[in-house]
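Quick look at run09.pdb (PDB, C-alpha atoms):
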MODEL        1
ATOM      1  CA  ALA A   1     121.418 137.083 221.760
ATOM      2  CA  TYR A   2     124.750 138.376 220.502
ATOM      3  CA  ILE A   3     125.625 141.064 217.965
ATOM      4  CA  LYS A   4     129.006 142.287 216.748
ATOM      5  CA  TYR A   5     130.323 144.792 214.233
ATOM      6  CA  ASP A   6     133.906 144.503 212.905
ATOM      7  CA  HIS A   7     135.815 147.191 211.012
ATOM      8  CA  PHE A   8     139.181 146.210 209.513
ATOM      9  CA  PHE A   9     141.922 148.858 209.657
ATOM     10  CA  THR A  10     144.430 146.615 207.865
ATOM     11  CA  GLU A  11     144.219 143.154 206.339
ATOM     12  CA  LYS A  12     144.547 141.573 209.807
ATOM     13  CA  LEU A  13     143.860 144.248 212.464
ATOM     14  CA  TYR A  14     140.280 145.266 213.217
ATOM     15  CA  GLY A  15     138.198 147.104 215.739
ATOM     16  CA  TYR A  16     134.906 145.790 217.019
ATOM     17  CA  LEU A  17     131.855 146.729 219.020
ATOM     18  CA  ASN A  18     129.847 143.869 220.485
ATOM     19  CA  GLY A  19     126.871 143.392 222.735
ATOM     20  CA  SER A  20     124.881 140.570 224.221
ATOM     21  CA  ILE A  21     121.790 139.834 226.256
ATOM     22  CA  TYR A  22     121.501 136.657 228.295
ATOM     23  CA  LYS A  23     118.716 135.276 230.468
ATOM     24  CA  ASP A  24     118.872 132.185 232.684
ATOM     25  CA  LYS A  25     116.406 131.607 235.508
ATOM     26  CA  PHE A  26     118.536 128.691 236.779
ATOM     27  CA  LYS A  27     121.383 131.182 237.380
ATOM     28  CA  ASP A  28     118.976 133.697 238.966
ATOM     29  CA  LEU A  29     119.602 135.997 235.979
ATOM     30  CA  ASN A  30     116.620 137.993 234.834
ATOM     31  CA  LEU A  31     118.929 139.616 232.276
ATOM     32  CA  ARG A  32     122.688 140.098 231.776
ATOM     33  CA  THR A  33     123.628 142.701 229.194
ATOM     34  CA  THR A  34     127.123 143.422 227.919
ATOM     35  CA  ILE A  35     128.478 146.014 225.512
ATOM     36  CA  GLY A  36     131.980 147.104 224.627
ATOM     37  CA  PRO A  37     134.647 147.954 222.064
ATOM     38  CA  GLY A  38     137.991 146.329 221.420
ATOM     39  CA  LEU A  39     140.661 145.299 218.957
ATOM     40  CA  GLY A  40     141.043 142.021 217.122
ATOM     41  CA  TYR A  41     143.773 140.398 215.112
ATOM     42  CA  GLN A  42     143.138 137.797 212.384
ATOM     43  CA  LEU A  43     146.112 135.421 212.748
ATOM     44  CA  PHE A  44     144.934 133.008 210.037
ATOM     45  CA  GLU A  45     142.302 133.448 207.360
ATOM     46  CA  THR A  46     142.288 130.754 204.711
ATOM     47  CA  ASP A  47     139.639 128.672 202.962
ATOM     48  CA  ARG A  48     140.342 125.935 205.486
ATOM     49  CA  THR A  49     141.445 127.590 208.769
ATOM     50  CA  ASN A  50     140.563 130.812 210.597
ATOM     51  CA  LEU A  51     141.907 132.075 213.921
ATOM     52  CA  ALA A  52     141.210 135.480 215.459
ATOM     53  CA  LEU A  53     142.129 136.900 218.883
ATOM     54  CA  GLU A  54     140.316 139.832 220.509
ATOM     55  CA  ALA A  55     140.847 142.041 223.550
ATOM     56  CA  GLY A  56     138.806 144.960 224.786
ATOM     57  CA  VAL A  57     136.667 146.425 227.527
ATOM     58  CA  THR A  58     133.084 145.542 228.355
ATOM     59  CA  TYR A  59     130.359 147.025 230.506
ATOM     60  CA  VAL A  60     128.397 144.269 232.273
ATOM     61  CA  ASN A  61     124.970 144.824 233.842
ATOM     62  CA  GLU A  62     123.382 141.912 235.736
ATOM     63  CA  ASP A  63     119.705 142.086 236.684
ATOM     64  CA  PHE A  64     119.126 139.217 239.121
ATOM     65  CA  ILE A  65     115.754 137.752 240.051
ATOM     66  CA  THR A  66     116.390 137.496 243.815
ATOM     67  CA  GLU A  67     119.965 138.720 244.374
ATOM     68  CA  PRO A  68     120.924 142.422 244.353
ATOM     69  CA  ASP A  69     121.677 143.698 240.837
ATOM     70  CA  ASP A  70     125.291 144.337 239.820
ATOM     71  CA  ASP A  71     127.166 146.232 237.140
ATOM     72  CA  TYR A  72     130.866 146.597 236.428
ATOM     73  CA  ALA A  73     133.532 147.295 233.839
ATOM     74  CA  ALA A  74     135.546 144.305 232.694
ATOM     75  CA  GLY A  75     138.402 143.336 230.446
ATOM     76  CA  ARG A  76     137.424 140.994 227.599
ATOM     77  CA  TRP A  77     139.498 138.307 225.890
ATOM     78  CA  ALA A  78     138.068 136.191 223.064
ATOM     79  CA  VAL A  79     139.197 133.550 220.588
ATOM     80  CA  LYS A  80     137.406 132.461 217.427
ATOM     81  CA  PHE A  81     138.745 129.389 215.641
ATOM     82  CA  ASP A  82     137.444 127.138 212.890
ATOM     83  CA  HIS A  83     139.083 124.510 210.698
ATOM     84  CA  TYR A  84     137.705 122.241 207.981
ATOM     85  CA  LEU A  85     138.666 118.671 208.889
ATOM     86  CA  VAL A  86     137.229 117.640 205.517
ATOM     87  CA  PRO A  87     137.378 120.597 203.101
ATOM     88  CA  ASP A  88     133.917 122.162 202.579
ATOM     89  CA  ARG A  89     132.209 119.219 204.360
ATOM     90  CA  LEU A  90     133.123 119.001 208.086
ATOM     91  CA  GLN A  91     134.257 121.972 210.142
ATOM     92  CA  LEU A  92     135.588 121.984 213.703
ATOM     93  CA  PHE A  93     135.034 125.232 215.626
ATOM     94  CA  HIS A  94     135.839 126.691 219.025
ATOM     95  CA  ASN A  95     134.866 130.116 220.363
ATOM     96  CA  HIS A  96     135.395 131.441 223.834
ATOM     97  CA  GLU A  97     134.947 134.709 225.668
ATOM     98  CA  PHE A  98     136.442 135.570 229.053
ATOM     99  CA  LEU A  99     135.414 138.603 231.125
ATOM    100  CA  LEU A 100     137.352 139.805 234.181
ATOM    101  CA  GLY A 101     135.987 142.628 236.325
ATOM    102  CA  PHE A 102     138.366 145.546 236.853
ATOM    103  CA  LYS A 103     137.304 146.436 240.404
ATOM    104  CA  ASP A 104     136.704 142.910 241.729
ATOM    105  CA  THR A 105     138.356 139.778 240.325
ATOM    106  CA  LYS A 106     135.426 137.747 241.674
ATOM    107  CA  ASP A 107     133.565 139.119 238.652
ATOM    108  CA  MET A 108     134.838 136.506 236.228
ATOM    109  CA  ILE A 109     132.834 134.839 233.435
ATOM    110  CA  LEU A 110     133.908 132.273 230.817
ATOM    111  CA  ARG A 111     131.691 131.134 227.949
ATOM    112  CA  THR A 112     132.779 128.563 225.352
ATOM    113  CA  GLN A 113     131.251 126.869 222.328
ATOM    114  CA  THR A 114     132.990 123.925 220.682
ATOM    115  CA  GLY A 115     131.635 121.640 218.006
ATOM    116  CA  LEU A 116     131.353 120.333 214.481
ATOM    117  CA  ARG A 117     129.503 122.033 211.627
ATOM    118  CA  ILE A 118     128.378 120.393 208.377
ATOM    119  CA  PRO A 119     127.379 122.548 205.388
ATOM    120  CA  LEU A 120     124.186 121.142 203.869
ATOM    121  CA  PHE A 121     123.077 123.352 200.933
ATOM    122  CA  SER A 122     122.680 127.033 199.951
ATOM    123  CA  GLY A 123     124.261 128.384 203.151
ATOM    124  CA  ILE A 124     122.269 126.064 205.468
ATOM    125  CA  ASN A 125     124.406 124.117 207.935
ATOM    126  CA  ALA A 126     123.863 121.612 210.746
ATOM    127  CA  GLY A 127     125.966 121.298 213.848
ATOM    128  CA  LEU A 128     126.717 119.427 217.041
ATOM    129  CA  GLN A 129     127.907 121.735 219.793
ATOM    130  CA  PHE A 130     129.083 121.651 223.403
ATOM    131  CA  ASN A 131     128.655 124.858 225.432
ATOM    132  CA  TYR A 132     130.372 125.455 228.745
ATOM    133  CA  ASP A 133     129.634 128.491 230.932
ATOM    134  CA  TRP A 134     131.469 129.334 234.150
ATOM    135  CA  ASP A 135     130.846 132.178 236.600
ATOM    136  CA  ARG A 136     133.322 132.628 239.467
ATOM    137  CA  SER A 137     130.758 134.327 241.720
ATOM    138  CA  PRO A 138     127.296 133.043 240.817
ATOM    139  CA  ALA A 139     124.112 134.034 242.634
ATOM    140  CA  ALA A 140     123.516 132.266 245.953
ATOM    141  CA  GLY A 141     122.161 128.757 245.521
ATOM    142  CA  THR A 142     123.318 128.428 241.904
ATOM    143  CA  LYS A 143     126.248 126.521 240.402
ATOM    144  CA  LYS A 144     129.447 128.056 239.064
ATOM    145  CA  ALA A 145     129.493 125.842 235.969
ATOM    146  CA  ASP A 146     126.824 124.976 233.449
ATOM    147  CA  TYR A 147     127.050 123.020 230.213
ATOM    148  CA  GLY A 148     124.831 121.945 227.362
ATOM    149  CA  TYR A 149     124.844 119.826 224.236
ATOM    150  CA  LEU A 150     123.110 121.253 221.194
ATOM    151  CA  PHE A 151     122.047 120.172 217.747
ATOM    152  CA  THR A 152     121.841 123.278 215.586
ATOM    153  CA  LEU A 153     120.573 124.359 212.193
ATOM    154  CA  GLY A 154     121.864 127.666 210.884
ATOM    155  CA  TYR A 155     122.463 129.913 207.933
ATOM    156  CA  ALA A 156     125.788 131.468 206.909
ATOM    157  CA  LEU A 157     126.354 134.090 204.232
TER     158      LEU A 157
ENDMDL
END

Go ahead and express the file in the form of structure tokens.
Amino acid sequence: AYIKYDHFFTEKLYGYLNGSIYKDKFKDLNLRTTIGPGLGYQLFETDRTNLALEAGVTYVNEDFITEPDDDYAAGRWAVKFDHYLVPDRLQLFHNHEFLLGFKDTKDMILRTQTGLRIPLFSGINAGLQFNYDWDRSPAAGTKKADYGYLFTLGYAL
């Protein structure tokens, strides 16, 4: 789960507060929670193309199933991009978030989502998506990289 609040100070500059919870038994994660503030800048915002960059700090708490739990402060870098390949009919998107621990650079996490979105009707959309997750120091016996292909149905305001 992911939640984020943005507050624009100017037409392009904004502050944010975001948080997430993540569970993955295959990564030995009972629960990873993150929360943190930062600043964002909306480079492009048109009917067809949007691009925003964000940087901030994040508190990460990892509750592992078998490994010792961990928590740390991290720097956060994120990109959010979308572009209509066919106006109002077919949208390409890419989002990524990168976390780098302040006290130990082995604490490094990258999460990406890339895909195509098709508006259907009344705010309902369908999508094809590729997710890639990478953890520089995963729990013992688990892989650094994980990926998935998704078919999604969603609602946008």

Closest pair table for range 87-110 of chain A residues within 12 Å of range 29-52 of chain A, all atoms listed in the file, as CSV:
residue,atom,partner,partner_atom,distance
A:Pro87,CA,A:Arg48,CA,6.6
A:Asp88,CA,A:Arg48,CA,8.0
A:Arg89,CA,A:Arg48,CA,10.6
A:Leu90,CA,A:Arg48,CA,10.3
A:Gln91,CA,A:Arg48,CA,8.6
A:Leu92,CA,A:Thr49,CA,9.5
A:Phe93,CA,A:Asn50,CA,9.3
A:His94,CA,A:Leu51,CA,9.6
A:Asn95,CA,A:Ala52,CA,9.6
A:His96,CA,A:Ala52,CA,11.0
A:Glu97,CA,A:Thr34,CA,11.9
A:Leu99,CA,A:Thr34,CA,10.1
A:Ile109,CA,A:Arg32,CA,11.5

Please expand the PyMOL selection byres ((chain A and resi 139) around 9) into the concrete residues it hits in this file, giving the result as a list of chain:residue names.
A:Lys27, A:Asp28, A:Leu29, A:Phe64, A:Thr66, A:Glu67, A:Ser137, A:Pro138, A:Ala140, A:Gly141, A:Thr142, A:Lys143, A:Lys144

Would you list the residues near (132.2, 139.0, 240.2), meaning any protein, DNA or RNA residue with an atom at most 9 Å from that point in file coordinates, counting only C-alpha atoms, as number ranges by chain?
A: 70, 72, 100-101, 104-109, 135-138

The centre and edge lengths of an axis-aligned box containing all atoms of range 118-130 of chain A present in the file, extended by 8 Å on each side, are to be given in Å to one decimal, as JSON.
{"center_x": 125.7, "center_y": 123.9, "center_z": 211.7, "size_x": 22.8, "size_y": 25.0, "size_z": 39.5}

Using only C-alpha atoms, determine which residues lie at most 12 Å from Phe121 in chain A, disregarding the query and same-chain residues fewer than 2 positions distant; provide the list as a CSV table (one decimal) with C-alpha atoms, in the frame of the given file.
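part06.csv, written as the output of this step:
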chain,number,residue,atom,x,y,z
A,88,ASP,CA,133.9,122.2,202.6
A,89,ARG,CA,132.2,119.2,204.4
A,118,ILE,CA,128.4,120.4,208.4
A,119,PRO,CA,127.4,122.5,205.4
A,123,GLY,CA,124.3,128.4,203.2
A,124,ILE,CA,122.3,126.1,205.5
A,125,ASN,CA,124.4,124.1,207.9
A,126,ALA,CA,123.9,121.6,210.7
A,153,LEU,CA,120.6,124.4,212.2
A,154,GLY,CA,121.9,127.7,210.9
A,155,TYR,CA,122.5,129.9,207.9
A,156,ALA,CA,125.8,131.5,206.9
A,157,LEU,CA,126.4,134.1,204.2

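One distance worth recording is that between CA of Phe26 in chain A and CA of Tyr147 in chain A, which is 12.2 Å.
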